[in-house]
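One structure is given below, encoded as structure tokens.
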Amino acid sequence: MRFTFKTRYEQDLNLAKHGGHRFWYSLLLLVLAASPWLISEYALAQLTFVLIYGIVGLGLMLLAGFTGLFSIGHAAFLGVGAYTEAVLVNAGLPFPLALAAAAMLSAAVGVVVGLPALRVKGMYLGISTMAFGFIVAEVFARWESLTGGNAGLHVKAPQIFGWALDSGVEFYFLCLLLAVGSTLAVLNLLRAPTGRAFVAIRDSEISAQSMGIHLAYYKTLSFAVSAALAGLGGALYAHMIKFLSPDQFDIIQSIDLLLMVVIGGLGSVHGAFLGAIFLITMPQLIGAGKGLLPDAIGQAPGLKAAVYGIVLIAFVLFEPMGLYGRWLKVRTFFSIFPFYRRGMFKRQKSFQKSDRLR
Amino acid sequence: MQVLQLVISGIAQGCIYGLIALGFVLIYKATETVSFAQGELMMVGAFLGLVLMTMLGWPFWLAVLATVLAMGLFGVLTERLVIRPILGQPAFSIVMLTFGIGYVARGAITMIPGIGTETHTLPVPYKDQVVRLGELVLNVEQLVVIGVTVLLCGGLFVLFRFSKVGIAMQASSQNQLAAYYMGIPVQRLNGLVWGLAAAVAAVAGLLLAPITFVHANMGFIGLKAFPAAVVGGFGSLPGAIVGGLVIGIVESLSGFYLPEGFKDIAAYVVVLLMLMLKPNGLFGETMRKKV
Amino acid sequence: MSTDTTPLLSARELSVRFGGVLAVNQVSFDVRRGEVFTLIGPNGAGKTTVFNLISRIYTPTGGSIHFDGIELTQRAAHEVASMGVARTFQNIELFEHASVLQNLLIGRHTHRRSGFWADLMFTASARKAALHDREQVERVIDFLDLQHHRDTLIAGLPYGVRKVVELARALCVEPQLLLLDEPSSGLNVEETDDMAYWIHDIRREYGITVLMVEHDMSLVSKVSDRVLAMNQGEVLAQGSPAEVQVHPGVIEAYLGSTHDLSSLRRPSA
């Protein structure tokens with residue numbers, strides 16, 4: 001079992017808390033960097049998707065998991081980023097500028113969507129984000145001159161001054177770079193006053209205000225950063241799938257994103273990536289398992305929905321801390337074997353913690 | 001005249017939204033959880049009615065009664081098996097669970113061999129009938145929706161005002177701890193509330209089926225019921241119906257007078273306006289934490 | 001001790017109405033710099049409401065509050081902390097899913113020196129600011145003996161410790177005025193004694209003025225300079241602890257008859 005003997009405050013401040021952390025994460029980075037030569041082209045493409053959804057998940061995790069603001073229309077930001085990137089790259093803009101523009105425009109939309117957060121909370125906020133999600137999706141469909149409407153929009157490969165990143169490997173490295181950068185950015189925010197302010201807002205708004213935290217500013221900031229990350233992910237997504245249509249950014253996509261962060265583990269950065277892995281591998285598993293099921297079930301169009309539903313229910317019932325929580329439990333079990341006790345990670349239940357004025 | 005026609009069809013559609021919204025407001029008031037499964041429960045209710053009427057050939061009234069009771073039972077079971085174990089977890093998790101229930105319901109329906117993947121018509125006795133009032137041509141289907149909604153609301157009003165169960169439900173929704181102390185079987189009541197909400201959803205499904213046909217994606221209509229509940233004010237039962245009517249009428253009028261696409265998002269624009277102007281909805285209670 | 005004799009906080013004809021209920025009615029008082037001023041009164045007297053008015057959680061329907069010469073009712077709730085007012089809550093409003101250390105660091109929010117972009121890239125200046133914050137927070141941890149609990153999540157702490165963490169968090173704000181809402185509620189005799197010493201030390205070492213709501217009369221007598229008794233939203237009596245405790249109106253509000261309060265006091269230390 002590891003005991004970190006702390007002698008300096010920096011040890012608490014640094015991202016890598018001890019040698020073990022540094023070792024394993026460096027190894028992970030090394031493996032990821034070497035992937036194009038280790039796995040098949042198809043697997044690399046899936047890994048790229050995992051990175052992209054991971055970036056989006058980071059944003060949603062920041063908003064829902066760390067600031068406690070629920071966004072049921074997050075696919076809208078994904079879409080704004082995707083369409084912005086598509087339009088700009090098709091017009092010939094170099095991709096660093098296009099990516100930045102996609103992120104910034106998404107952030108701006110995020111600020112607008114976040115406006116109700118200043119007046120309403122909880123479910124009301126969730127419904128308003130859902131409303132925005134529907135409206136933005138409809139705008140994608142109707143603004144045909146820009147987005148091609150329901151007929152769809154082709155996306156060219158990212159390019160900069162003539163050099164186009166049209167190979168899977170080159171694009172993968174771009175995504176890897178951005179994913180690592182986004183993760184570091186979010187981790188930085190979380191160990192700084194900004195991130196603490198987010199957590200304060202999640203846990204007790206009144207208390208946060210009494211500590212001097214300007215609720216409106218930080219809520220808006222959280223929406224902006226979250227939307228920017230989703231927009232960045234969306235821009236990369238546009239290049240991966242090469243053809244956009246408005247129904248890729250509907251309520252189902254929004255719920256899939258939420259599913260991703262809940263199953264990954266709400267409130268943890270790892271959860272974003274674990275959830276992304278789940279979201280990308282699940283369809284593959286379902287596809288592989290289809291043959292084993294009787295036709296009525298295996299060929300049903302609702303199979304994916306049913307499986308997702310069952311997995312979601314199972315996680316909420318049995319593993320509310322998500323995949324990351326399960327990983328923590330397994331790791332703790334082995335590290336303090338045989339002293340692991342069943343209730344070690346039990347969170348205290350909060351009953352009827354009503355915000356209603358009695 | 002056109003306007004009146006549109007308004008009436010808007011009211012009928014609004015009643016459907018209102019009924020589904022009623023379901024989640026009931027659940028919200030009792031257990032402070034928001035259930036996104038209501039739309040799918042409506043769809044399941046419609047399919048159940050379809051199966052009973054067409055495949056088993058039961059007479060109309062028997063099928064309706066059986067559907068409503070069966071769905072009510074389903075709601076009670078859902079609460080017992082899936083919701084009760086997770087009470088006490090953060091609200092968000094519970095909401096995600098209800099999404100999961102909706103997903104499973106939708107997926108399961110498509111697995112029913114033969115009928116799951118297609119669109120069907122529900123053979124109701126008043127199908128395709130119209131009533132003429134002067135220049136107005138009214139669909140009997142729509143009138144039935146409005147009529148049943150009025151009756152159902154009246155019934156619920158009587159239930160909550162005058163019956164022991166109803167008063168106990170109100171007590172439990174206002175202060176659960178005190179209800180426990182008074183000997184009210186809170187958990188059993190919660191089960192009953194879920195059952196009631198599912199039954200109301202089933203009624204909505206049976207009413208909607210003649211208008212939109214029965215198919216696995218019917219549940220998405222239920223998403224519009226959320227703006228209805230918010231417009232009415234989330235803790236208010238009459239508010240749910242009123243909210244539904246508002247959304248229904250606005251939708252109907254914008255379908256005719258505004259360009260293409262506005263009809264689909266009318267509900268959402270209305271809810272955003274409401275949240276800006278009166279965040280607690282038309283009849284909602286002011287929520288403020290007491291410190 | 002400051003030689004400035006103007007009151008640090010002064011409330012004038014403060015009133016607030018909730019629907020039909022006049023929760024606070026024409027309450028006026030001054031809190032002098034460096035003193036410990038206590039509000040007492042039966043439950044429902046409006047004491048916590050006065051606190052909530054000062055922290056701008058509620059807006060008064062009449063009257064004014066001046067802090068250090070500045071009219072508070074013009075300010076937003078989050079500005080109160082940066083002006084130098086910190087508070088604890090009656091029912092403990094800590095950040096449940098964060099550690100004690102993180103809660104205290106949030107207390108230092110008004111002293112943050114790094115903006116959003118510096119945080120995002122965790123620049124050298126952000127790092128320096130973070131280390132400085134940590135040092136300041138450690139001083140408070142030392143003062144209140146919270147070293148054992150530094151990294152524990154609030155959700156895992158016993159009630160008595162949580163009360164101390166609330167106090168610590170308020171101290172991290174480095175306030176001029178500290179509002180303590182029932183600091184001894186739920187604490188046993190030893191913990192209450194500790195609290196009395198801490199309040200003394202807060203005043204002596206940090207020079208912080210304390211405005212407190214309290215029910216435990218022995219604690220009130222031990223630490224307060226002046227006391228204000230309230231009942232049903234109105235001021236009953238004001239003066240030194242001894243004076244107020246024998247005031248007939250106060251006795252009647254608590255006990256309903258002219259009965260000596262000394263039977264309520266614990267054998268004094």
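By order in the structure tokens, chains are A, B, ...; within a chain, residues start at 1; ligands start at 1, following the order shown.
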Hey, what's within 6 Å of region 101-116 of chain B if we count only C-alpha atoms and toss same-chain stuff fewer than 6 positions away? As a ChimeraX atom specification, please? /A:296-297,300,302-303,305-306,309 /B:37,40
Can I get the selection written as a short mmCIF file (atom, residue, chain, number, x, y, z; two decimals), in the first residue's frame, with N, CA and C atoms?
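Output saved as again.cif:
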```cif
data_model
loop_
_atom_site.label_atom_id
_atom_site.label_comp_id
_atom_site.auth_asym_id
_atom_site.auth_seq_id
_atom_site.Cartn_x
_atom_site.Cartn_y
_atom_site.Cartn_z
N ALA A 296 -35.65 -12.08 -33.52
CA ALA A 296 -36.58 -11.02 -33.11
C ALA A 296 -35.87 -9.97 -32.26
N ILE A 297 -34.92 -10.45 -31.46
CA ILE A 297 -34.21 -9.51 -30.60
C ILE A 297 -33.01 -8.94 -31.34
N ALA A 300 -33.78 -6.38 -34.10
CA ALA A 300 -34.70 -5.27 -33.79
C ALA A 300 -33.97 -3.94 -33.86
N GLY A 302 -34.50 -1.51 -32.15
CA GLY A 302 -34.37 -0.95 -30.82
C GLY A 302 -33.39 -1.67 -29.93
N LEU A 303 -32.58 -2.58 -30.51
CA LEU A 303 -31.66 -3.35 -29.68
C LEU A 303 -30.67 -2.44 -28.96
N ALA A 305 -30.99 0.66 -28.20
CA ALA A 305 -31.66 1.42 -27.14
C ALA A 305 -31.86 0.55 -25.91
N ALA A 306 -32.31 -0.68 -26.15
CA ALA A 306 -32.58 -1.56 -25.01
C ALA A 306 -31.31 -1.86 -24.23
N GLY A 309 -30.15 1.16 -22.36
CA GLY A 309 -31.04 1.40 -21.24
C GLY A 309 -30.72 0.48 -20.07
N ALA B 37 -39.43 9.00 -18.39
CA ALA B 37 -39.94 7.79 -19.02
C ALA B 37 -41.40 7.91 -19.42
N GLU B 40 -42.43 7.29 -23.07
CA GLU B 40 -42.35 5.89 -23.49
C GLU B 40 -43.46 5.07 -22.86
#
```
Contacts of Tyr83 (chain A) at 8 Å (only C-alpha atoms; same-chain gap of 4+ positions) as an MDAnalysis selection string: chainID A and resid 79 87 147 235 238 244
Using only N, CA and C atoms, please write the residues we just selected to a file, as a short mmCIF file (atom, residue, chain, number, x, y, z; two decimals), in the first residue's frame.
```cif
data_model
loop_
_atom_site.label_atom_id
_atom_site.label_comp_id
_atom_site.auth_asym_id
_atom_site.auth_seq_id
_atom_site.Cartn_x
_atom_site.Cartn_y
_atom_site.Cartn_z
N GLY A 79 -22.71 20.22 -32.53
CA GLY A 79 -23.13 20.58 -33.88
C GLY A 79 -22.59 21.91 -34.34
N VAL A 87 -17.84 24.50 -42.59
CA VAL A 87 -18.00 25.67 -43.46
C VAL A 87 -16.66 26.37 -43.68
N THR A 147 -25.73 25.29 -44.14
CA THR A 147 -25.45 23.96 -43.63
C THR A 147 -25.88 22.86 -44.58
N ALA A 235 -15.75 19.83 -34.07
CA ALA A 235 -14.96 20.15 -35.26
C ALA A 235 -14.15 18.94 -35.71
N ALA A 238 -16.39 16.35 -37.23
CA ALA A 238 -16.78 16.65 -38.61
C ALA A 238 -15.78 16.04 -39.58
N LEU A 244 -21.84 15.74 -42.74
CA LEU A 244 -22.70 16.16 -41.63
C LEU A 244 -24.15 16.25 -42.04
#
```
Counting only C-alpha atoms, chain B residues within 8 Å of chain A, as a PyMOL selection string: chain B and resi 31-32+34+82+85-90+92-94+96-97+99-113+117+176+226-227+230+261+265+268-269+271-272+275-276+279+286-290
May I ask which of the residues B:Leu62, B:Cys153, B:Val3, B:Ala198 is the closest one to Gly18 (chain B), counting only C-alpha atoms? B:Cys153
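Every chain C residue lying within 12 Å of chain B, based on only C-alpha atoms, is listed here: C:Gly19, C:Lys47, C:Thr48, C:Thr49, C:Val50, C:Phe51, C:Asn52, C:Leu53, C:Ser55, C:Ile57, C:Tyr58, C:Arg87, C:Thr88, C:Phe89, C:Gln90, C:Asn91, C:Ile92, C:Glu93, C:Leu94, C:His97, C:Asp181.
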Only residues of chain A matter here; which ones have an atom within 10 Å of chain C, counting only C-alpha atoms? Give them as number ranges by chain. A: 8-10, 12-14, 181-182, 184-197, 199-215, 221, 267, 347-348
Just write the chosen residues, C-alpha atoms, as a PDB file, in the first residue's frame.
```pdb
ATOM      1  CA  ARG A   8       6.171  20.197   0.401  1.00  0.00           C
ATOM      2  CA  TYR A   9       2.918  21.841  -0.616  1.00  0.00           C
ATOM      3  CA  GLU A  10       3.892  21.341  -4.246  1.00  0.00           C
ATOM      4  CA  ASP A  12      -0.464  18.406  -3.342  1.00  0.00           C
ATOM      5  CA  LEU A  13      -0.439  20.964  -6.092  1.00  0.00           C
ATOM      6  CA  ASN A  14       1.222  18.907  -8.827  1.00  0.00           C
ATOM      7  CA  GLY A 181      -4.074  19.521 -24.120  1.00  0.00           C
ATOM      8  CA  SER A 182      -7.754  19.650 -23.144  1.00  0.00           C
ATOM      9  CA  LEU A 184      -4.350  19.260 -18.927  1.00  0.00           C
ATOM     10  CA  ALA A 185      -6.377  22.446 -19.273  1.00  0.00           C
ATOM     11  CA  VAL A 186      -9.310  20.989 -17.340  1.00  0.00           C
ATOM     12  CA  LEU A 187      -7.046  19.519 -14.667  1.00  0.00           C
ATOM     13  CA  ASN A 188      -5.386  22.905 -14.310  1.00  0.00           C
ATOM     14  CA  LEU A 189      -8.708  24.629 -13.897  1.00  0.00           C
ATOM     15  CA  LEU A 190      -9.721  22.139 -11.243  1.00  0.00           C
ATOM     16  CA  ARG A 191      -6.672  22.695  -9.072  1.00  0.00           C
ATOM     17  CA  ALA A 192      -7.014  26.468  -9.318  1.00  0.00           C
ATOM     18  CA  PRO A 193      -9.541  28.915  -7.821  1.00  0.00           C
ATOM     19  CA  THR A 194     -11.700  28.747 -10.959  1.00  0.00           C
ATOM     20  CA  GLY A 195     -12.294  25.023 -10.612  1.00  0.00           C
ATOM     21  CA  ARG A 196     -12.885  25.301  -6.886  1.00  0.00           C
ATOM     22  CA  ALA A 197     -15.478  27.960  -7.542  1.00  0.00           C
ATOM     23  CA  VAL A 199     -17.304  22.816  -7.241  1.00  0.00           C
ATOM     24  CA  ALA A 200     -18.538  25.327  -4.674  1.00  0.00           C
ATOM     25  CA  ILE A 201     -21.447  26.254  -6.916  1.00  0.00           C
ATOM     26  CA  ARG A 202     -22.338  22.599  -7.305  1.00  0.00           C
ATOM     27  CA  ASP A 203     -22.352  21.857  -3.615  1.00  0.00           C
ATOM     28  CA  SER A 204     -23.903  24.962  -2.109  1.00  0.00           C
ATOM     29  CA  GLU A 205     -24.750  28.061  -4.078  1.00  0.00           C
ATOM     30  CA  ILE A 206     -25.641  30.147  -1.054  1.00  0.00           C
ATOM     31  CA  SER A 207     -22.404  29.289   0.649  1.00  0.00           C
ATOM     32  CA  ALA A 208     -20.443  29.964  -2.512  1.00  0.00           C
ATOM     33  CA  GLN A 209     -21.968  33.416  -2.716  1.00  0.00           C
ATOM     34  CA  SER A 210     -21.040  34.123   0.880  1.00  0.00           C
ATOM     35  CA  MET A 211     -17.472  33.247   0.052  1.00  0.00           C
ATOM     36  CA  GLY A 212     -17.467  35.899  -2.625  1.00  0.00           C
ATOM     37  CA  ILE A 213     -18.060  33.739  -5.672  1.00  0.00           C
ATOM     38  CA  HIS A 214     -19.950  35.607  -8.368  1.00  0.00           C
ATOM     39  CA  LEU A 215     -22.482  32.992  -9.410  1.00  0.00           C
ATOM     40  CA  LEU A 221     -17.799  30.577 -17.618  1.00  0.00           C
ATOM     41  CA  GLY A 267     -17.302  14.099 -11.151  1.00  0.00           C
ATOM     42  CA  ARG A 347     -21.658   7.760  -0.235  1.00  0.00           C
ATOM     43  CA  GLN A 348     -24.062   9.160   2.226  1.00  0.00           C
TER      44      GLN A 348
END
```
Would you return as a PyMOL selection string the members of region 51-178 of chain A that DSSP assigns to strand (DSSP E or B) on this structure's backbone? chain A and resi 153-154+159-160+163-164
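Counting from CA of Gly54 (chain A), the distance to CA of Tyr218 (chain A) is 23.0 Å.
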Shortest interatomic distance to Gln245 (chain C) - which of C:Gly63, C:Gly41, C:Val165, C:Arg33, counting only C-alpha atoms: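 Closest candidate: C:Gly41.
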